[in-house]
Structures are given as structure tokens and as C-alpha cells.
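Data block for data.pdb (PDB, C-alpha atoms, pLDDT in the B column):
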```pdb
ATOM      1  CA  MET N  52       0.000   0.000   0.000  1.00 71.00           C
ATOM      2  CA  GLU N  53       2.859   2.330   0.807  1.00 82.00           C
ATOM      3  CA  ASN N  54       4.379   1.784  -2.658  1.00 88.00           C
ATOM      4  CA  ALA N  55       1.082   2.590  -4.377  1.00 90.00           C
ATOM      5  CA  SER N  56       0.765   5.972  -2.649  1.00 91.00           C
ATOM      6  CA  LYS N  57       4.371   6.847  -3.535  1.00 93.00           C
ATOM      7  CA  ALA N  58       3.661   5.879  -7.162  1.00 93.00           C
ATOM      8  CA  LEU N  59       0.620   8.178  -7.239  1.00 94.00           C
ATOM      9  CA  ILE N  60       2.658  11.052  -5.799  1.00 94.00           C
ATOM     10  CA  ILE N  61       5.395  10.519  -8.403  1.00 95.00           C
ATOM     11  CA  ALA N  62       2.825  10.317 -11.221  1.00 96.00           C
ATOM     12  CA  GLY N  63       1.197  13.558 -10.012  1.00 95.00           C
ATOM     13  CA  ALA N  64       4.592  15.293  -9.890  1.00 96.00           C
ATOM     14  CA  ILE N  65       5.380  14.154 -13.438  1.00 97.00           C
ATOM     15  CA  LEU N  66       2.005  15.431 -14.726  1.00 96.00           C
ATOM     16  CA  LEU N  67       2.545  18.749 -12.958  1.00 96.00           C
ATOM     17  CA  ALA N  68       6.030  19.061 -14.499  1.00 97.00           C
ATOM     18  CA  ILE N  69       4.629  18.345 -17.982  1.00 97.00           C
ATOM     19  CA  LEU N  70       1.937  21.000 -17.429  1.00 96.00           C
ATOM     20  CA  ILE N  71       4.509  23.620 -16.370  1.00 97.00           C
ATOM     21  CA  ILE N  72       6.772  22.836 -19.345  1.00 96.00           C
ATOM     22  CA  SER N  73       3.811  23.048 -21.769  1.00 96.00           C
ATOM     23  CA  LEU N  74       2.773  26.398 -20.318  1.00 95.00           C
ATOM     24  CA  GLY N  75       6.327  27.711 -20.729  1.00 95.00           C
ATOM     25  CA  ILE N  76       6.448  26.611 -24.374  1.00 95.00           C
ATOM     26  CA  MET N  77       3.079  28.241 -25.069  1.00 93.00           C
ATOM     27  CA  ILE N  78       4.190  31.566 -23.537  1.00 92.00           C
ATOM     28  CA  TYR N  79       7.482  31.469 -25.469  1.00 90.00           C
ATOM     29  CA  THR N  80       5.668  30.804 -28.772  1.00 86.00           C
ATOM     30  CA  GLN N  81       3.229  33.683 -28.271  1.00 82.00           C
ATOM     31  CA  ALA N  82       6.017  36.064 -27.297  1.00 80.00           C
ATOM     32  CA  SER N  83       8.136  35.175 -30.330  1.00 77.00           C
ATOM     33  CA  ASN N  84       5.121  35.615 -32.655  1.00 69.00           C
ATOM     34  CA  ALA N  85       4.448  39.050 -31.170  1.00 65.00           C
ATOM     35  CA  ILE N  86       8.084  40.066 -31.686  1.00 67.00           C
ATOM     36  CA  ASN N  87       8.190  38.755 -35.277  1.00 62.00           C
ATOM     37  CA  ASN N  88       4.930  40.495 -36.245  1.00 57.00           C
ATOM     38  CA  GLY N  89       5.817  43.810 -34.655  1.00 59.00           C
ATOM     39  CA  GLY N  90       3.197  43.173 -31.988  1.00 60.00           C
ATOM     40  CA  MET N  91       0.364  42.792 -34.503  1.00 67.00           C
ATOM     41  CA  SER N  92      -2.013  39.850 -34.710  1.00 73.00           C
ATOM     42  CA  ASP N  93      -2.958  38.424 -38.108  1.00 77.00           C
ATOM     43  CA  ALA N  94      -6.237  40.362 -38.113  1.00 82.00           C
ATOM     44  CA  GLU N  95      -4.476  43.611 -37.198  1.00 82.00           C
ATOM     45  CA  THR N  96      -1.875  43.041 -39.920  1.00 83.00           C
ATOM     46  CA  THR N  97      -4.597  42.429 -42.511  1.00 86.00           C
ATOM     47  CA  ALA N  98      -6.485  45.581 -41.488  1.00 87.00           C
ATOM     48  CA  PHE N  99      -3.239  47.581 -41.538  1.00 86.00           C
ATOM     49  CA  ASN N 100      -2.326  46.316 -45.027  1.00 87.00           C
ATOM     50  CA  GLN N 101      -5.797  46.959 -46.465  1.00 90.00           C
ATOM     51  CA  ARG N 102      -5.412  50.688 -45.822  1.00 89.00           C
ATOM     52  CA  PHE N 103      -2.622  50.727 -48.420  1.00 89.00           C
ATOM     53  CA  THR N 104      -3.076  47.732 -50.739  1.00 88.00           C
ATOM     54  CA  LYS N 105      -6.273  49.240 -52.155  1.00 90.00           C
ATOM     55  CA  TYR N 106      -3.901  51.520 -54.110  1.00 89.00           C
ATOM     56  CA  ASN N 107      -2.058  48.558 -55.717  1.00 90.00           C
ATOM     57  CA  GLY N 108      -1.563  48.693 -59.484  1.00 89.00           C
ATOM     58  CA  ARG N 109      -1.916  51.586 -61.927  1.00 92.00           C
ATOM     59  CA  GLN N 110      -3.099  54.810 -60.298  1.00 88.00           C
ATOM     60  CA  LYS N 111      -3.507  58.438 -61.361  1.00 87.00           C
ATOM     61  CA  GLY N 112      -1.383  61.113 -59.695  1.00 85.00           C
ATOM     62  CA  SER N 113      -4.361  62.431 -57.722  1.00 85.00           C
ATOM     63  CA  THR N 114      -4.783  58.981 -56.148  1.00 88.00           C
ATOM     64  CA  ILE N 115      -1.050  58.907 -55.354  1.00 87.00           C
ATOM     65  CA  ARG N 116      -1.526  62.152 -53.409  1.00 86.00           C
ATOM     66  CA  THR N 117      -4.214  60.437 -51.323  1.00 88.00           C
ATOM     67  CA  LEU N 118      -1.936  57.444 -50.752  1.00 88.00           C
ATOM     68  CA  VAL N 119       0.901  59.709 -49.597  1.00 85.00           C
ATOM     69  CA  GLN N 120      -1.440  61.472 -47.173  1.00 85.00           C
ATOM     70  CA  GLU N 121      -2.480  58.052 -45.815  1.00 87.00           C
ATOM     71  CA  VAL N 122       1.180  57.131 -45.315  1.00 85.00           C
ATOM     72  CA  MET N 123       1.861  60.459 -43.598  1.00 83.00           C
ATOM     73  CA  SER N 124      -1.128  59.902 -41.310  1.00 83.00           C
ATOM     74  CA  ASN N 125       0.172  56.449 -40.404  1.00 82.00           C
ATOM     75  CA  ASN N 126       3.736  57.636 -39.789  1.00 79.00           C
ATOM     76  CA  ASN N 127       2.667  60.650 -37.705  1.00 78.00           C
ATOM     77  CA  ASN N 128       0.354  58.588 -35.513  1.00 75.00           C
ATOM     78  CA  ASP N 129       1.478  58.746 -31.869  1.00 56.00           C
ATOM     79  CA  GLN N 130       1.205  54.973 -31.604  1.00 61.00           C
ATOM     80  CA  ALA N 131       3.247  54.302 -34.756  1.00 58.00           C
ATOM     81  CA  SER N 132       6.486  52.583 -33.950  1.00 65.00           C
ATOM     82  CA  ASN N 133       9.423  51.881 -36.229  1.00 68.00           C
ATOM     83  CA  ALA N 134       7.769  48.521 -36.943  1.00 68.00           C
ATOM     84  CA  THR N 135       4.667  50.163 -38.448  1.00 76.00           C
ATOM     85  CA  ARG N 136       6.252  53.104 -40.258  1.00 80.00           C
ATOM     86  CA  ILE N 137       6.063  53.004 -44.040  1.00 83.00           C
ATOM     87  CA  SER N 138       8.544  54.489 -46.485  1.00 81.00           C
ATOM     88  CA  ILE N 139       7.939  55.478 -50.076  1.00 82.00           C
ATOM     89  CA  ASN N 140      10.390  54.443 -52.780  1.00 79.00           C
ATOM     90  CA  VAL N 141      10.108  56.383 -56.038  1.00 77.00           C
ATOM     91  CA  ALA N 142      11.584  54.592 -59.051  1.00 69.00           C
ATOM     92  CA  ASN N 143      11.184  57.351 -61.676  1.00 55.00           C
ATOM     93  CA  ASP N 144       9.392  60.585 -62.533  1.00 49.00           C
ATOM     94  CA  GLY N 145       6.446  58.994 -64.366  1.00 47.00           C
ATOM     95  CA  ALA N 146       8.052  59.590 -67.758  1.00 50.00           C
ATOM     96  CA  GLY N 147      10.564  56.812 -67.184  1.00 50.00           C
ATOM     97  CA  ASN N 148      13.347  59.132 -66.015  1.00 47.00           C
ATOM     98  CA  THR N 149      15.067  58.271 -62.781  1.00 44.00           C
ATOM     99  CA  PRO N 150      16.594  61.144 -60.822  1.00 40.00           C
ATOM    100  CA  ALA N 151      19.933  59.271 -60.967  1.00 40.00           C
ATOM    101  CA  THR N 152      19.981  59.336 -64.801  1.00 39.00           C
ATOM    102  CA  GLY N 153      19.316  63.026 -65.171  1.00 39.00           C
ATOM    103  CA  GLY N 154      15.539  62.860 -65.046  1.00 43.00           C
ATOM    104  CA  ASN N 155      13.398  65.283 -63.129  1.00 44.00           C
ATOM    105  CA  ALA N 156      13.281  65.445 -59.341  1.00 46.00           C
ATOM    106  CA  GLN N 157      11.481  62.717 -57.474  1.00 53.00           C
ATOM    107  CA  ILE N 158       7.720  62.461 -57.844  1.00 57.00           C
ATOM    108  CA  VAL N 159       7.222  62.689 -54.114  1.00 61.00           C
ATOM    109  CA  SER N 160       9.408  62.646 -51.025  1.00 59.00           C
ATOM    110  CA  LEU N 161       8.645  62.497 -47.333  1.00 60.00           C
ATOM    111  CA  ALA N 162      10.501  64.530 -44.752  1.00 56.00           C
ATOM    112  CA  ALA N 163      11.860  62.621 -41.776  1.00 52.00           C
ATOM    113  CA  THR N 164      10.406  65.036 -39.229  1.00 53.00           C
ATOM    114  CA  ALA N 165       6.972  64.390 -37.793  1.00 55.00           C
ATOM    115  CA  GLY N 166       4.262  66.728 -39.019  1.00 56.00           C
ATOM    116  CA  ALA N 167       6.214  67.850 -42.100  1.00 59.00           C
ATOM    117  CA  GLN N 168       4.258  68.057 -45.342  1.00 65.00           C
ATOM    118  CA  PRO N 169       5.261  65.857 -48.304  1.00 67.00           C
ATOM    119  CA  ASN N 170       7.043  67.375 -51.278  1.00 65.00           C
ATOM    120  CA  PHE N 171       5.111  66.288 -54.364  1.00 69.00           C
ATOM    121  CA  GLY N 172       7.883  67.374 -56.744  1.00 67.00           C
ATOM    122  CA  THR N 173       6.998  66.328 -60.302  1.00 70.00           C
ATOM    123  CA  LEU N 174       3.797  64.439 -59.445  1.00 76.00           C
ATOM    124  CA  GLN N 175       1.177  65.136 -62.099  1.00 79.00           C
ATOM    125  CA  ASN N 176      -2.487  64.427 -61.450  1.00 81.00           C
ATOM    126  CA  THR N 177      -3.157  63.217 -64.997  1.00 82.00           C
ATOM    127  CA  VAL N 178      -0.170  60.844 -65.310  1.00 84.00           C
ATOM    128  CA  THR N 179      -0.648  57.170 -64.463  1.00 87.00           C
ATOM    129  CA  TYR N 180       1.845  55.638 -62.035  1.00 87.00           C
ATOM    130  CA  THR N 181       2.374  52.044 -60.909  1.00 89.00           C
ATOM    131  CA  VAL N 182       2.143  51.312 -57.190  1.00 89.00           C
ATOM    132  CA  SER N 183       3.587  48.139 -55.657  1.00 90.00           C
ATOM    133  CA  PHE N 184       4.512  47.033 -52.158  1.00 90.00           C
ATOM    134  CA  GLN N 185       7.328  45.411 -50.242  1.00 88.00           C
ATOM    135  CA  TYR N 186       6.447  43.526 -47.077  1.00 86.00           C
ATOM    136  CA  HIS N 187       8.261  42.931 -43.804  1.00 82.00           C
ATOM    137  CA  ASN N 188       6.877  40.306 -41.406  1.00 78.00           C
ATOM    138  CA  GLY N 189       3.628  40.213 -43.379  1.00 82.00           C
ATOM    139  CA  ARG N 190       2.860  43.934 -43.293  1.00 84.00           C
ATOM    140  CA  VAL N 191       3.424  46.730 -45.812  1.00 85.00           C
ATOM    141  CA  ALA N 192       6.828  48.330 -45.140  1.00 84.00           C
ATOM    142  CA  VAL N 193       7.711  50.081 -48.424  1.00 86.00           C
ATOM    143  CA  ILE N 194       5.462  51.516 -51.108  1.00 87.00           C
ATOM    144  CA  CYS N 195       7.108  51.635 -54.537  1.00 86.00           C
ATOM    145  CA  ILE N 196       5.897  54.216 -57.040  1.00 85.00           C
ATOM    146  CA  SER N 197       7.125  54.128 -60.624  1.00 81.00           C
TER     147      SER N 197
END
```
Mind turning the file's structure into C-alpha cells?
Amino acid sequence: MENASKALIIAGAILLAILIISLGIMIYTQASNAINNGGMSDAETTAFNQRFTKYNGRQKGSTIRTLVQEVMSNNNNDQASNATRISINVANDGAGNTPATGGNAQIVSLAATAGAQPNFGTLQNTVTYTVSFQYHNGRVAVICIS
């Protein structure tokens, strides 16, 4: 009888140890997912991306202005961290000229200071531009305009 009670105590201790180890693994997994996603859940990432991906493809210059204002709003948000900031990469001036090859100035550029207004440079409302995205950890990180 004495052996049976010791066996039950040992079995209970083993089950308790397995429970504690499982809980530790679960906490570690959730913490690493939060770090990798910039603290955003899948639903939050999808909602975040939808604000910008609606501009994907060929867009007129007037729509690009709206997109830039949306990016500025996101970047100037008090809760925006480096993980949720978006940069804009301009490939050319809309006529196929890159600033590096002697083309016109950039279509649009964003100042690094909070609250600064964008410089729309050579952006023309009637010209069609192509908008694409680069992602980091599943969320929009760079918007490419060409």
C-alpha cells in the first residue's frame, strides 16, 4: 500500500512538471510571434495592409496624393512605432526618367520630421503611375511608385 501511494505522488509530480513545461512553451511561442509580427495579430496586420493595398496597381497622380497622405497619417500617428512606419520608394518621374539618370526630381518625397508636409515634386495628377509594395513580417513596409 505504501508503494502505491508513492507511485501516485510521483505520477502527479510528473504530470505537474509536464503542465509547467507546456505552459512555458506556449508563452514562449506567443512572445516570439508578437516580436516577429511587430506586436500585430494576423487580423491587425490584414487591417493595416488593407489601408494601403487598395492603391495597388496603376493609379492616377491624384490617387497617389491620397496614398501619400495616408502614409503620412500612419507615420505621424502617436502609436506608430518603427515597426509600423512606411517608407515610399520612387523609381522614376512617371516619364521613365530616374533622378539618378538626369531625369526630373522625385515624384514625391517624405521629410523625416513628424508633421512635415510631403514634397510632391513632379507628381502630375493626370499621369498614371504604378504602385507596388514590399512587405516585412507580413505587413506593408515600403510603397514603390514608378
| task | Report the residues retrieved by the PyMOL selection byres ((chain N and resi 137-140) around 6) from the displayed file, expressed as a ChimeraX atom specification. | result | /N:136,141,192-195
| query | What is the atom CA of Thr96 of chain N to atom CA of Val119 of chain N distance in Å? | reply |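 Computing the Euclidean distance for atom CA of Thr96 of chain N and atom CA of Val119 of chain N yields 19.5 Å.
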| field | Atomic separation - atom CA of Ser92 of chain N relative to atom CA of Ile196 of chain N, Å | value | 27.7 Å
Using the file's own x, y and z axes, what box holds all listed atoms of segment 61-64 of chain N with 6 Å on each side, keeping edges along x, y and z, and what are its centre and edge lengths in Å to one decimal, as JSON?
```
{"center_x": 3.3, "center_y": 12.8, "center_z": -9.8, "size_x": 16.2, "size_y": 17.0, "size_z": 14.8}
```
| Expressed in Å to a single decimal, how great is the separation between atom CA of Ile76 of chain N and atom CA of Asn188 of chain N? |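 Between these atoms lies a distance of 21.9 Å.
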| field | Which residue of N:Ile71, N:Ala82, N:Ile61, N:Val122 approaches Asn100 of chain N most closely, using all atoms listed in the file | value |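 Of N:Ile71, N:Ala82, N:Ile61, N:Val122, the one nearest Asn100 of chain N is N:Val122, counting all atoms listed in the file.
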| task | Give as a ChimeraX atom specification every residue, naming chains and numbers as the document does, that has an atom within 12 Å of (3.1, 47.1, -61.5), counting all atoms listed in the file. | result | /N:106-110,142,179-184,194-197
| With all atoms listed in the file as the basis for distance, which of N:Ile115, N:Ile69, N:Val178, N:Ala98 is at the shortest distance from Arg190 of chain N? |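 Looking only at the distances to Arg190 of chain N, the closest residue turns out to be N:Ala98.
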| query | Which residue gives the smallest distance to Gln101 of chain N among N:Glu53, N:Ile65, N:Val191, N:Ser83, with only C-alpha atoms counted? | reply | N:Val191
| said: List as a list of chain:residue names the residues having at least one atom at most 7 Å from position (-5.7, 55.2, -45.0) as given in the file, counting all atoms listed in the file. | reply: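 Residues found, by chain and rising number: N:Arg102, N:Phe103, N:Glu121.
Each of N:Met123, N:Met77, N:Thr135, N:Leu66 was checked against Tyr186 of chain N using all atoms listed in the file; the smallest atom-to-atom distance is that of N:Thr135.
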